[in-house]
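The file my_file_33.pdb contains PDB, C-alpha atoms:
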ATOM      1  CA  MET A   3       0.000   0.000   0.000  1.00  0.00           C
ATOM      2  CA  LEU A   4       2.835   2.372   0.923  1.00  0.00           C
ATOM      3  CA  GLY A   5       4.574   1.436  -2.292  1.00  0.00           C
ATOM      4  CA  SER A   6       1.514   2.272  -4.434  1.00  0.00           C
ATOM      5  CA  ARG A   7       1.191   5.705  -2.752  1.00  0.00           C
ATOM      6  CA  ALA A   8       4.868   6.401  -3.366  1.00  0.00           C
ATOM      7  CA  ALA A   9       4.487   5.400  -7.012  1.00  0.00           C
ATOM      8  CA  GLY A  10       1.470   7.723  -7.419  1.00  0.00           C
ATOM      9  CA  PHE A  11       3.367  10.611  -5.773  1.00  0.00           C
ATOM     10  CA  ALA A  12       6.311   9.990  -8.119  1.00  0.00           C
ATOM     11  CA  ARG A  13       4.035  10.070 -11.182  1.00  0.00           C
ATOM     12  CA  GLY A  14       2.570  13.410  -9.982  1.00  0.00           C
ATOM     13  CA  LEU A  15       6.049  14.934  -9.559  1.00  0.00           C
ATOM     14  CA  ARG A  16       7.012  13.719 -13.005  1.00  0.00           C
ATOM     15  CA  ALA A  17       3.923  15.343 -14.554  1.00  0.00           C
ATOM     16  CA  VAL A  18       4.690  18.663 -12.841  1.00  0.00           C
ATOM     17  CA  ALA A  19       8.286  18.523 -14.046  1.00  0.00           C
ATOM     18  CA  LEU A  20       7.168  17.828 -17.613  1.00  0.00           C
ATOM     19  CA  ALA A  21       4.817  20.800 -17.433  1.00  0.00           C
ATOM     20  CA  TRP A  22       7.788  23.164 -17.044  1.00  0.00           C
ATOM     21  CA  LEU A  23      10.013  21.712 -19.744  1.00  0.00           C
ATOM     22  CA  PRO A  24      11.278  24.281 -22.307  1.00  0.00           C
ATOM     23  CA  GLY A  25       8.971  24.765 -25.260  1.00  0.00           C
ATOM     24  CA  TRP A  26       5.382  25.910 -25.318  1.00  0.00           C
ATOM     25  CA  ARG A  27       4.116  22.768 -26.978  1.00  0.00           C
ATOM     26  CA  GLY A  28       5.639  20.495 -24.380  1.00  0.00           C
ATOM     27  CA  ARG A  29       4.202  22.556 -21.529  1.00  0.00           C
ATOM     28  CA  SER A  30       0.741  22.654 -22.986  1.00  0.00           C
ATOM     29  CA  PHE A  31       0.777  18.914 -23.683  1.00  0.00           C
ATOM     30  CA  ALA A  32       2.003  18.074 -20.179  1.00  0.00           C
ATOM     31  CA  LEU A  33      -0.523  20.380 -18.559  1.00  0.00           C
ATOM     32  CA  ALA A  34      -3.253  18.764 -20.571  1.00  0.00           C
ATOM     33  CA  ARG A  35      -2.110  15.316 -19.422  1.00  0.00           C
ATOM     34  CA  THR A  36      -1.958  16.538 -15.821  1.00  0.00           C
ATOM     35  CA  ALA A  37      -5.478  17.984 -15.992  1.00  0.00           C
ATOM     36  CA  GLY A  38      -6.790  14.722 -17.365  1.00  0.00           C
ATOM     37  CA  ALA A  39      -7.601  16.186 -20.792  1.00  0.00           C
ATOM     38  CA  PRO A  40      -8.080  13.736 -23.689  1.00  0.00           C
ATOM     39  CA  HIS A  41      -5.186  12.883 -25.952  1.00  0.00           C
ATOM     40  CA  SER A  42      -4.467  15.009 -29.011  1.00  0.00           C
ATOM     41  CA  GLY A  43      -6.114  12.447 -31.228  1.00  0.00           C
ATOM     42  CA  ASP A  44      -9.352  12.841 -29.272  1.00  0.00           C
ATOM     43  CA  LEU A  45      -9.381  16.655 -29.323  1.00  0.00           C
ATOM     44  CA  GLN A  46     -12.221  18.183 -31.314  1.00  0.00           C
ATOM     45  CA  PRO A  47     -11.916  21.536 -33.118  1.00  0.00           C
ATOM     46  CA  PRO A  48     -13.713  24.343 -31.328  1.00  0.00           C
ATOM     47  CA  ALA A  49     -17.112  25.200 -32.688  1.00  0.00           C
ATOM     48  CA  CYS A  50     -17.319  28.448 -34.612  1.00  0.00           C
ATOM     49  CA  PRO A  51     -19.374  31.058 -32.782  1.00  0.00           C
ATOM     50  CA  GLU A  52     -22.707  31.898 -34.362  1.00  0.00           C
ATOM     51  CA  PRO A  53     -22.978  35.382 -35.886  1.00  0.00           C
ATOM     52  CA  ARG A  54     -24.656  37.848 -33.602  1.00  0.00           C
ATOM     53  CA  GLY A  55     -27.291  40.112 -35.106  1.00  0.00           C
ATOM     54  CA  ARG A  56     -27.530  41.317 -38.689  1.00  0.00           C
ATOM     55  CA  GLN A  57     -24.287  41.479 -40.643  1.00  0.00           C
ATOM     56  CA  LEU A  58     -23.299  44.877 -41.967  1.00  0.00           C
ATOM     57  CA  SER A  59     -23.950  45.380 -45.671  1.00  0.00           C
ATOM     58  CA  LEU A  60     -23.668  48.524 -47.753  1.00  0.00           C
ATOM     59  CA  SER A  61     -25.789  47.320 -50.677  1.00  0.00           C
ATOM     60  CA  ALA A  62     -28.689  49.551 -51.672  1.00  0.00           C
ATOM     61  CA  ALA A  63     -31.264  46.897 -50.796  1.00  0.00           C
ATOM     62  CA  ALA A  64     -29.722  46.384 -47.338  1.00  0.00           C
ATOM     63  CA  VAL A  65     -29.753  50.134 -46.672  1.00  0.00           C
ATOM     64  CA  VAL A  66     -33.449  50.292 -47.557  1.00  0.00           C
ATOM     65  CA  ASP A  67     -34.205  47.243 -45.393  1.00  0.00           C
ATOM     66  CA  SER A  68     -32.402  48.830 -42.420  1.00  0.00           C
ATOM     67  CA  ALA A  69     -34.352  52.109 -42.727  1.00  0.00           C
ATOM     68  CA  PRO A  70     -37.293  52.790 -40.357  1.00  0.00           C
ATOM     69  CA  ARG A  71     -40.248  50.680 -41.421  1.00  0.00           C
ATOM     70  CA  PRO A  72     -42.608  53.608 -42.211  1.00  0.00           C
ATOM     71  CA  LEU A  73     -40.023  54.987 -44.678  1.00  0.00           C
ATOM     72  CA  GLN A  74     -39.329  51.749 -46.527  1.00  0.00           C
ATOM     73  CA  PRO A  75     -42.337  51.888 -48.916  1.00  0.00           C
ATOM     74  CA  TYR A  76     -41.331  55.392 -50.017  1.00  0.00           C
ATOM     75  CA  LEU A  77     -37.713  54.360 -50.540  1.00  0.00           C
ATOM     76  CA  ARG A  78     -38.847  51.379 -52.622  1.00  0.00           C
ATOM     77  CA  LEU A  79     -41.183  53.669 -54.551  1.00  0.00           C
ATOM     78  CA  MET A  80     -38.104  55.735 -55.477  1.00  0.00           C
ATOM     79  CA  ARG A  81     -36.306  52.473 -56.404  1.00  0.00           C
ATOM     80  CA  LEU A  82     -33.485  53.284 -54.003  1.00  0.00           C
ATOM     81  CA  ASP A  83     -33.081  49.542 -53.539  1.00  0.00           C
ATOM     82  CA  LYS A  84     -32.402  49.233 -57.298  1.00  0.00           C
ATOM     83  CA  PRO A  85     -29.998  52.079 -58.081  1.00  0.00           C
ATOM     84  CA  ILE A  86     -29.013  51.045 -61.622  1.00  0.00           C
ATOM     85  CA  GLY A  87     -31.390  53.607 -63.152  1.00  0.00           C
ATOM     86  CA  THR A  88     -29.928  56.370 -60.997  1.00  0.00           C
ATOM     87  CA  TRP A  89     -26.400  55.450 -62.054  1.00  0.00           C
ATOM     88  CA  LEU A  90     -27.361  55.423 -65.724  1.00  0.00           C
ATOM     89  CA  LEU A  91     -28.869  58.863 -65.292  1.00  0.00           C
ATOM     90  CA  TYR A  92     -25.942  60.231 -63.286  1.00  0.00           C
ATOM     91  CA  LEU A  93     -22.902  58.829 -65.100  1.00  0.00           C
ATOM     92  CA  PRO A  94     -23.358  60.850 -68.318  1.00  0.00           C
ATOM     93  CA  CYS A  95     -23.515  63.954 -66.123  1.00  0.00           C
ATOM     94  CA  THR A  96     -20.214  63.047 -64.491  1.00  0.00           C
ATOM     95  CA  TRP A  97     -18.590  62.561 -67.905  1.00  0.00           C
ATOM     96  CA  SER A  98     -19.734  66.007 -69.011  1.00  0.00           C
ATOM     97  CA  ILE A  99     -18.560  67.632 -65.772  1.00  0.00           C
ATOM     98  CA  GLY A 100     -15.218  65.855 -66.087  1.00  0.00           C
ATOM     99  CA  LEU A 101     -14.781  67.010 -69.689  1.00  0.00           C
ATOM    100  CA  ALA A 102     -15.565  70.594 -68.646  1.00  0.00           C
ATOM    101  CA  ALA A 103     -12.832  70.582 -65.986  1.00  0.00           C
ATOM    102  CA  GLU A 104      -9.550  72.334 -66.590  1.00  0.00           C
ATOM    103  CA  PRO A 105      -6.736  70.066 -67.844  1.00  0.00           C
ATOM    104  CA  GLY A 106      -5.002  68.400 -64.913  1.00  0.00           C
ATOM    105  CA  CYS A 107      -7.772  69.403 -62.460  1.00  0.00           C
ATOM    106  CA  PHE A 108     -10.422  67.323 -60.745  1.00  0.00           C
ATOM    107  CA  PRO A 109     -14.071  67.806 -61.725  1.00  0.00           C
ATOM    108  CA  ASP A 110     -16.074  70.347 -59.763  1.00  0.00           C
ATOM    109  CA  TRP A 111     -17.273  68.512 -56.643  1.00  0.00           C
ATOM    110  CA  TYR A 112     -20.082  71.024 -56.141  1.00  0.00           C
ATOM    111  CA  MET A 113     -21.491  70.270 -59.590  1.00  0.00           C
ATOM    112  CA  LEU A 114     -21.037  66.530 -59.079  1.00  0.00           C
ATOM    113  CA  SER A 115     -23.018  66.689 -55.845  1.00  0.00           C
ATOM    114  CA  LEU A 116     -25.771  68.807 -57.428  1.00  0.00           C
ATOM    115  CA  PHE A 117     -26.211  66.446 -60.364  1.00  0.00           C
ATOM    116  CA  GLY A 118     -25.988  63.398 -58.092  1.00  0.00           C
ATOM    117  CA  THR A 119     -28.775  64.721 -55.888  1.00  0.00           C
ATOM    118  CA  GLY A 120     -30.799  65.651 -58.953  1.00  0.00           C
ATOM    119  CA  ALA A 121     -30.346  62.175 -60.447  1.00  0.00           C
ATOM    120  CA  ILE A 122     -31.680  60.512 -57.292  1.00  0.00           C
ATOM    121  CA  LEU A 123     -34.650  62.867 -57.027  1.00  0.00           C
ATOM    122  CA  MET A 124     -35.643  62.844 -60.700  1.00  0.00           C
ATOM    123  CA  ARG A 125     -35.217  59.115 -61.075  1.00  0.00           C
ATOM    124  CA  GLY A 126     -37.361  58.705 -57.946  1.00  0.00           C
ATOM    125  CA  ALA A 127     -39.951  61.110 -59.305  1.00  0.00           C
ATOM    126  CA  GLY A 128     -40.067  59.249 -62.617  1.00  0.00           C
ATOM    127  CA  CYS A 129     -40.582  55.914 -60.853  1.00  0.00           C
ATOM    128  CA  THR A 130     -43.294  57.435 -58.658  1.00  0.00           C
ATOM    129  CA  ILE A 131     -45.150  58.774 -61.700  1.00  0.00           C
ATOM    130  CA  ASN A 132     -44.722  55.417 -63.410  1.00  0.00           C
ATOM    131  CA  ASP A 133     -46.253  53.529 -60.498  1.00  0.00           C
ATOM    132  CA  MET A 134     -49.116  56.016 -60.216  1.00  0.00           C
ATOM    133  CA  TRP A 135     -49.973  55.567 -63.897  1.00  0.00           C
ATOM    134  CA  ASP A 136     -49.589  51.767 -63.836  1.00  0.00           C
ATOM    135  CA  GLN A 137     -50.971  50.816 -60.432  1.00  0.00           C
ATOM    136  CA  ASP A 138     -53.941  48.914 -61.891  1.00  0.00           C
ATOM    137  CA  TYR A 139     -51.675  46.992 -64.277  1.00  0.00           C
ATOM    138  CA  ASP A 140     -49.017  46.339 -61.630  1.00  0.00           C
ATOM    139  CA  LYS A 141     -51.532  44.466 -59.481  1.00  0.00           C
ATOM    140  CA  LYS A 142     -51.991  41.886 -62.251  1.00  0.00           C
ATOM    141  CA  VAL A 143     -48.306  41.231 -62.937  1.00  0.00           C
ATOM    142  CA  THR A 144     -46.258  39.022 -60.616  1.00  0.00           C
ATOM    143  CA  ARG A 145     -43.066  41.062 -61.073  1.00  0.00           C
ATOM    144  CA  THR A 146     -44.752  44.339 -60.087  1.00  0.00           C
ATOM    145  CA  ALA A 147     -47.498  43.227 -57.702  1.00  0.00           C
ATOM    146  CA  ASN A 148     -45.347  43.968 -54.645  1.00  0.00           C
ATOM    147  CA  ARG A 149     -44.651  47.588 -55.585  1.00  0.00           C
ATOM    148  CA  PRO A 150     -45.759  49.951 -52.802  1.00  0.00           C
ATOM    149  CA  ILE A 151     -48.772  51.516 -54.533  1.00  0.00           C
ATOM    150  CA  ALA A 152     -49.982  48.273 -56.126  1.00  0.00           C
ATOM    151  CA  ALA A 153     -49.567  46.408 -52.830  1.00  0.00           C
ATOM    152  CA  GLY A 154     -51.479  49.076 -50.904  1.00  0.00           C
ATOM    153  CA  ASP A 155     -48.535  50.165 -48.746  1.00  0.00           C
ATOM    154  CA  ILE A 156     -48.924  53.732 -50.048  1.00  0.00           C
ATOM    155  CA  SER A 157     -52.158  55.372 -51.157  1.00  0.00           C
ATOM    156  CA  THR A 158     -52.495  57.370 -54.359  1.00  0.00           C
ATOM    157  CA  PHE A 159     -52.796  60.588 -52.360  1.00  0.00           C
ATOM    158  CA  GLN A 160     -49.655  59.800 -50.343  1.00  0.00           C
ATOM    159  CA  SER A 161     -47.711  59.048 -53.514  1.00  0.00           C
ATOM    160  CA  PHE A 162     -48.932  62.334 -55.026  1.00  0.00           C
ATOM    161  CA  VAL A 163     -47.716  64.277 -51.988  1.00  0.00           C
ATOM    162  CA  PHE A 164     -44.426  62.383 -52.083  1.00  0.00           C
ATOM    163  CA  LEU A 165     -44.042  63.186 -55.773  1.00  0.00           C
ATOM    164  CA  GLY A 166     -44.596  66.868 -55.012  1.00  0.00           C
ATOM    165  CA  GLY A 167     -41.857  66.747 -52.377  1.00  0.00           C
ATOM    166  CA  GLN A 168     -39.371  65.149 -54.765  1.00  0.00           C
ATOM    167  CA  LEU A 169     -40.119  67.655 -57.526  1.00  0.00           C
ATOM    168  CA  THR A 170     -39.809  70.552 -55.094  1.00  0.00           C
ATOM    169  CA  LEU A 171     -36.375  69.385 -53.937  1.00  0.00           C
ATOM    170  CA  ALA A 172     -35.346  68.782 -57.542  1.00  0.00           C
ATOM    171  CA  LEU A 173     -36.438  72.330 -58.393  1.00  0.00           C
ATOM    172  CA  GLY A 174     -34.185  73.589 -55.612  1.00  0.00           C
ATOM    173  CA  VAL A 175     -31.255  71.757 -57.222  1.00  0.00           C
ATOM    174  CA  LEU A 176     -32.183  73.088 -60.660  1.00  0.00           C
ATOM    175  CA  LEU A 177     -32.259  76.692 -59.452  1.00  0.00           C
ATOM    176  CA  CYS A 178     -28.603  76.352 -58.425  1.00  0.00           C
ATOM    177  CA  LEU A 179     -27.655  76.120 -62.121  1.00  0.00           C
ATOM    178  CA  ASN A 180     -27.579  78.744 -64.870  1.00  0.00           C
ATOM    179  CA  TYR A 181     -30.650  79.854 -66.825  1.00  0.00           C
ATOM    180  CA  TYR A 182     -29.878  77.663 -69.812  1.00  0.00           C
ATOM    181  CA  SER A 183     -29.745  74.567 -67.593  1.00  0.00           C
ATOM    182  CA  ILE A 184     -32.962  75.603 -65.843  1.00  0.00           C
ATOM    183  CA  ALA A 185     -34.751  75.844 -69.194  1.00  0.00           C
ATOM    184  CA  LEU A 186     -33.469  72.412 -70.267  1.00  0.00           C
ATOM    185  CA  GLY A 187     -34.462  70.854 -66.941  1.00  0.00           C
ATOM    186  CA  ALA A 188     -37.946  72.320 -67.058  1.00  0.00           C
ATOM    187  CA  GLY A 189     -38.392  71.107 -70.622  1.00  0.00           C
ATOM    188  CA  SER A 190     -37.377  67.552 -69.742  1.00  0.00           C
ATOM    189  CA  LEU A 191     -40.113  67.339 -67.093  1.00  0.00           C
ATOM    190  CA  LEU A 192     -42.708  66.714 -69.801  1.00  0.00           C
ATOM    191  CA  LEU A 193     -40.778  63.647 -70.950  1.00  0.00           C
ATOM    192  CA  VAL A 194     -40.534  62.355 -67.384  1.00  0.00           C
ATOM    193  CA  ILE A 195     -44.319  62.607 -66.987  1.00  0.00           C
ATOM    194  CA  THR A 196     -45.308  61.139 -70.359  1.00  0.00           C
ATOM    195  CA  TYR A 197     -42.651  58.416 -70.520  1.00  0.00           C
ATOM    196  CA  PRO A 198     -44.715  55.788 -68.645  1.00  0.00           C
ATOM    197  CA  LEU A 199     -47.580  56.295 -71.088  1.00  0.00           C
ATOM    198  CA  MET A 200     -45.355  55.334 -74.021  1.00  0.00           C
ATOM    199  CA  LYS A 201     -45.542  51.706 -72.895  1.00  0.00           C
ATOM    200  CA  ARG A 202     -49.190  51.709 -73.924  1.00  0.00           C
ATOM    201  CA  ILE A 203     -48.473  52.610 -77.536  1.00  0.00           C
ATOM    202  CA  SER A 204     -44.949  51.300 -78.160  1.00  0.00           C
ATOM    203  CA  TYR A 205     -42.600  48.441 -77.337  1.00  0.00           C
ATOM    204  CA  TRP A 206     -39.719  50.954 -77.197  1.00  0.00           C
ATOM    205  CA  PRO A 207     -40.720  53.486 -74.537  1.00  0.00           C
ATOM    206  CA  GLN A 208     -37.060  54.274 -73.866  1.00  0.00           C
ATOM    207  CA  LEU A 209     -36.941  56.163 -77.137  1.00  0.00           C
ATOM    208  CA  ALA A 210     -39.181  58.770 -75.523  1.00  0.00           C
ATOM    209  CA  LEU A 211     -36.871  59.353 -72.593  1.00  0.00           C
ATOM    210  CA  GLY A 212     -33.444  58.118 -73.663  1.00  0.00           C
ATOM    211  CA  GLU A 213     -32.621  56.449 -70.297  1.00  0.00           C
ATOM    212  CA  LYS A 214     -33.128  53.117 -68.593  1.00  0.00           C
ATOM    213  CA  GLU A 215     -35.680  53.016 -65.801  1.00  0.00           C
ATOM    214  CA  ASP A 216     -36.828  50.095 -63.660  1.00  0.00           C
ATOM    215  CA  SER A 217     -40.410  50.165 -64.943  1.00  0.00           C
TER     216      SER A 217
END

Target encoding structure tokens, full file:
Amino acid sequence: MLGSRAAGFARGLRAVALAWLPGWRGRSFALARTAGAPHSGDLQPPACPEPRGRQLSLSAAAVVDSAPRPLQPYLRLMRLDKPIGTWLLYLPCTWSIGLAAEPGCFPDWYMLSLFGTGAILMRGAGCTINDMWDQDYDKKVTRTANRPIAAGDISTFQSFVFLGGQLTLALGVLLCLNYYSIALGAGSLLLVITYPLMKRISYWPQLALGEKEDS
């Protein structure tokens, strides 16, 4: 009995000595053996922690989805979740502003910001007018049945008020330009209003407006 206790005490001293051998790997292995941990062959890889909350995304659709719920139908009505039409409206403006810059100079950031804001507002206004014209048709088409006006998320009166707000802000941007640009902008408003109606008489409504819209 005394011999078995002495043998156990000796094994404990040996484990402690092994724990302090030089080398991190030897220490960790000896400590694991001392603590009664399973052998290296029995070790399982740690489980990956589950993601907490919603992952950050800067896509247009994710930004719209993260907006306050009462605002989301209006943002979808402007097609902010599908910005391709805004880019196609804005990029030609950036080319023109870049070409007008002095050689070796950056484009005018003030003009870029004005035209960028105008592109968002006028594209949104065009989509709002489009959905107001086509709300009865949109209800019958699977692709468009979930649009805010067709789905009943926004009433016709609310969309009309929202359209007035967009056009008012766009007018504020337009008044920051020269008189020639103001005249051109005012003249293009007729095309923005009548463009959705071209789909009723032609398979090429883009010819009336000269831009791509998500309609």

Counting all atoms listed in the file, what is within 7 Å of range 134-150 of chain A, bar same-chain residues fewer than 6 positions away, as an NGL selection string? :A and (75 or 79 or 156 or 158)

State, in Å with one decimal place, the distance from CA of Leu123 in chain A to CA of Met80 in chain A. 8.1 Å

One number please: CA of Thr130 in chain A to CA of Ile195 in chain A, in Å, one decimal.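 CA of Thr130 in chain A sits 9.9 Å away from CA of Ile195 in chain A.
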
Which residues fall under the PyMOL selection byres ((chain A and resi 91) around 10) in this file, as a list in words?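 For this structure, the PyMOL selection byres ((chain A and resi 91) around 10) captures Pro85, Ile86, Gly87, Thr88, Trp89, Leu90, Tyr92, Leu93, Pro94, Cys95, Thr96, Phe117, Gly118, Gly120, Ala121, Ile122, Met124, Arg125, Gly212, Glu213, Lys214 and Glu215 of chain A.
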
10 Å contact set for Tyr76 in chain A, all atoms listed in the file, chain neighbours under 5 positions out, as a ChimeraX atom specification: /A:66,71,81-82,126,130,150-151,155-156,160-161,164

Atomic distance CA of Leu169 in chain A - CA of Ala103 in chain A, expressed in Å with one decimal: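 Separating CA of Leu169 in chain A from CA of Ala103 in chain A is a distance of 28.7 Å.
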
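Proximity to Ala172 in chain A was assessed for A:Ser204, A:Thr196, A:Ser157, A:Thr119 counting all atoms listed in the file; the smallest distance is recorded for A:Thr119.
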
Extract, using only C-alpha atoms, all DNA, RNA and protein residues at most 10 Å from Ser61 in chain A, discarding same-chain residues fewer than 3 positions from it, and format them as a list in words. Leu58, Ala64, Val65, Val66, Asp67, Asp83, Lys84 and Pro85 of chain A

Selected residue, from A:Gly187, A:Gly166, A:Phe108, A:Asn132, that lies nearest to Met200 in chain A when counting only C-alpha atoms: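 Once distances to Met200 in chain A are computed over only C-alpha atoms, the minimum belongs to A:Asn132.
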
A:Ile203, A:Ile131, A:Met113, A:Ala63: which is nearest Cys178 in chain A, counting all atoms listed in the file?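 The shortest atom-to-atom distance to Cys178 in chain A comes from A:Met113.
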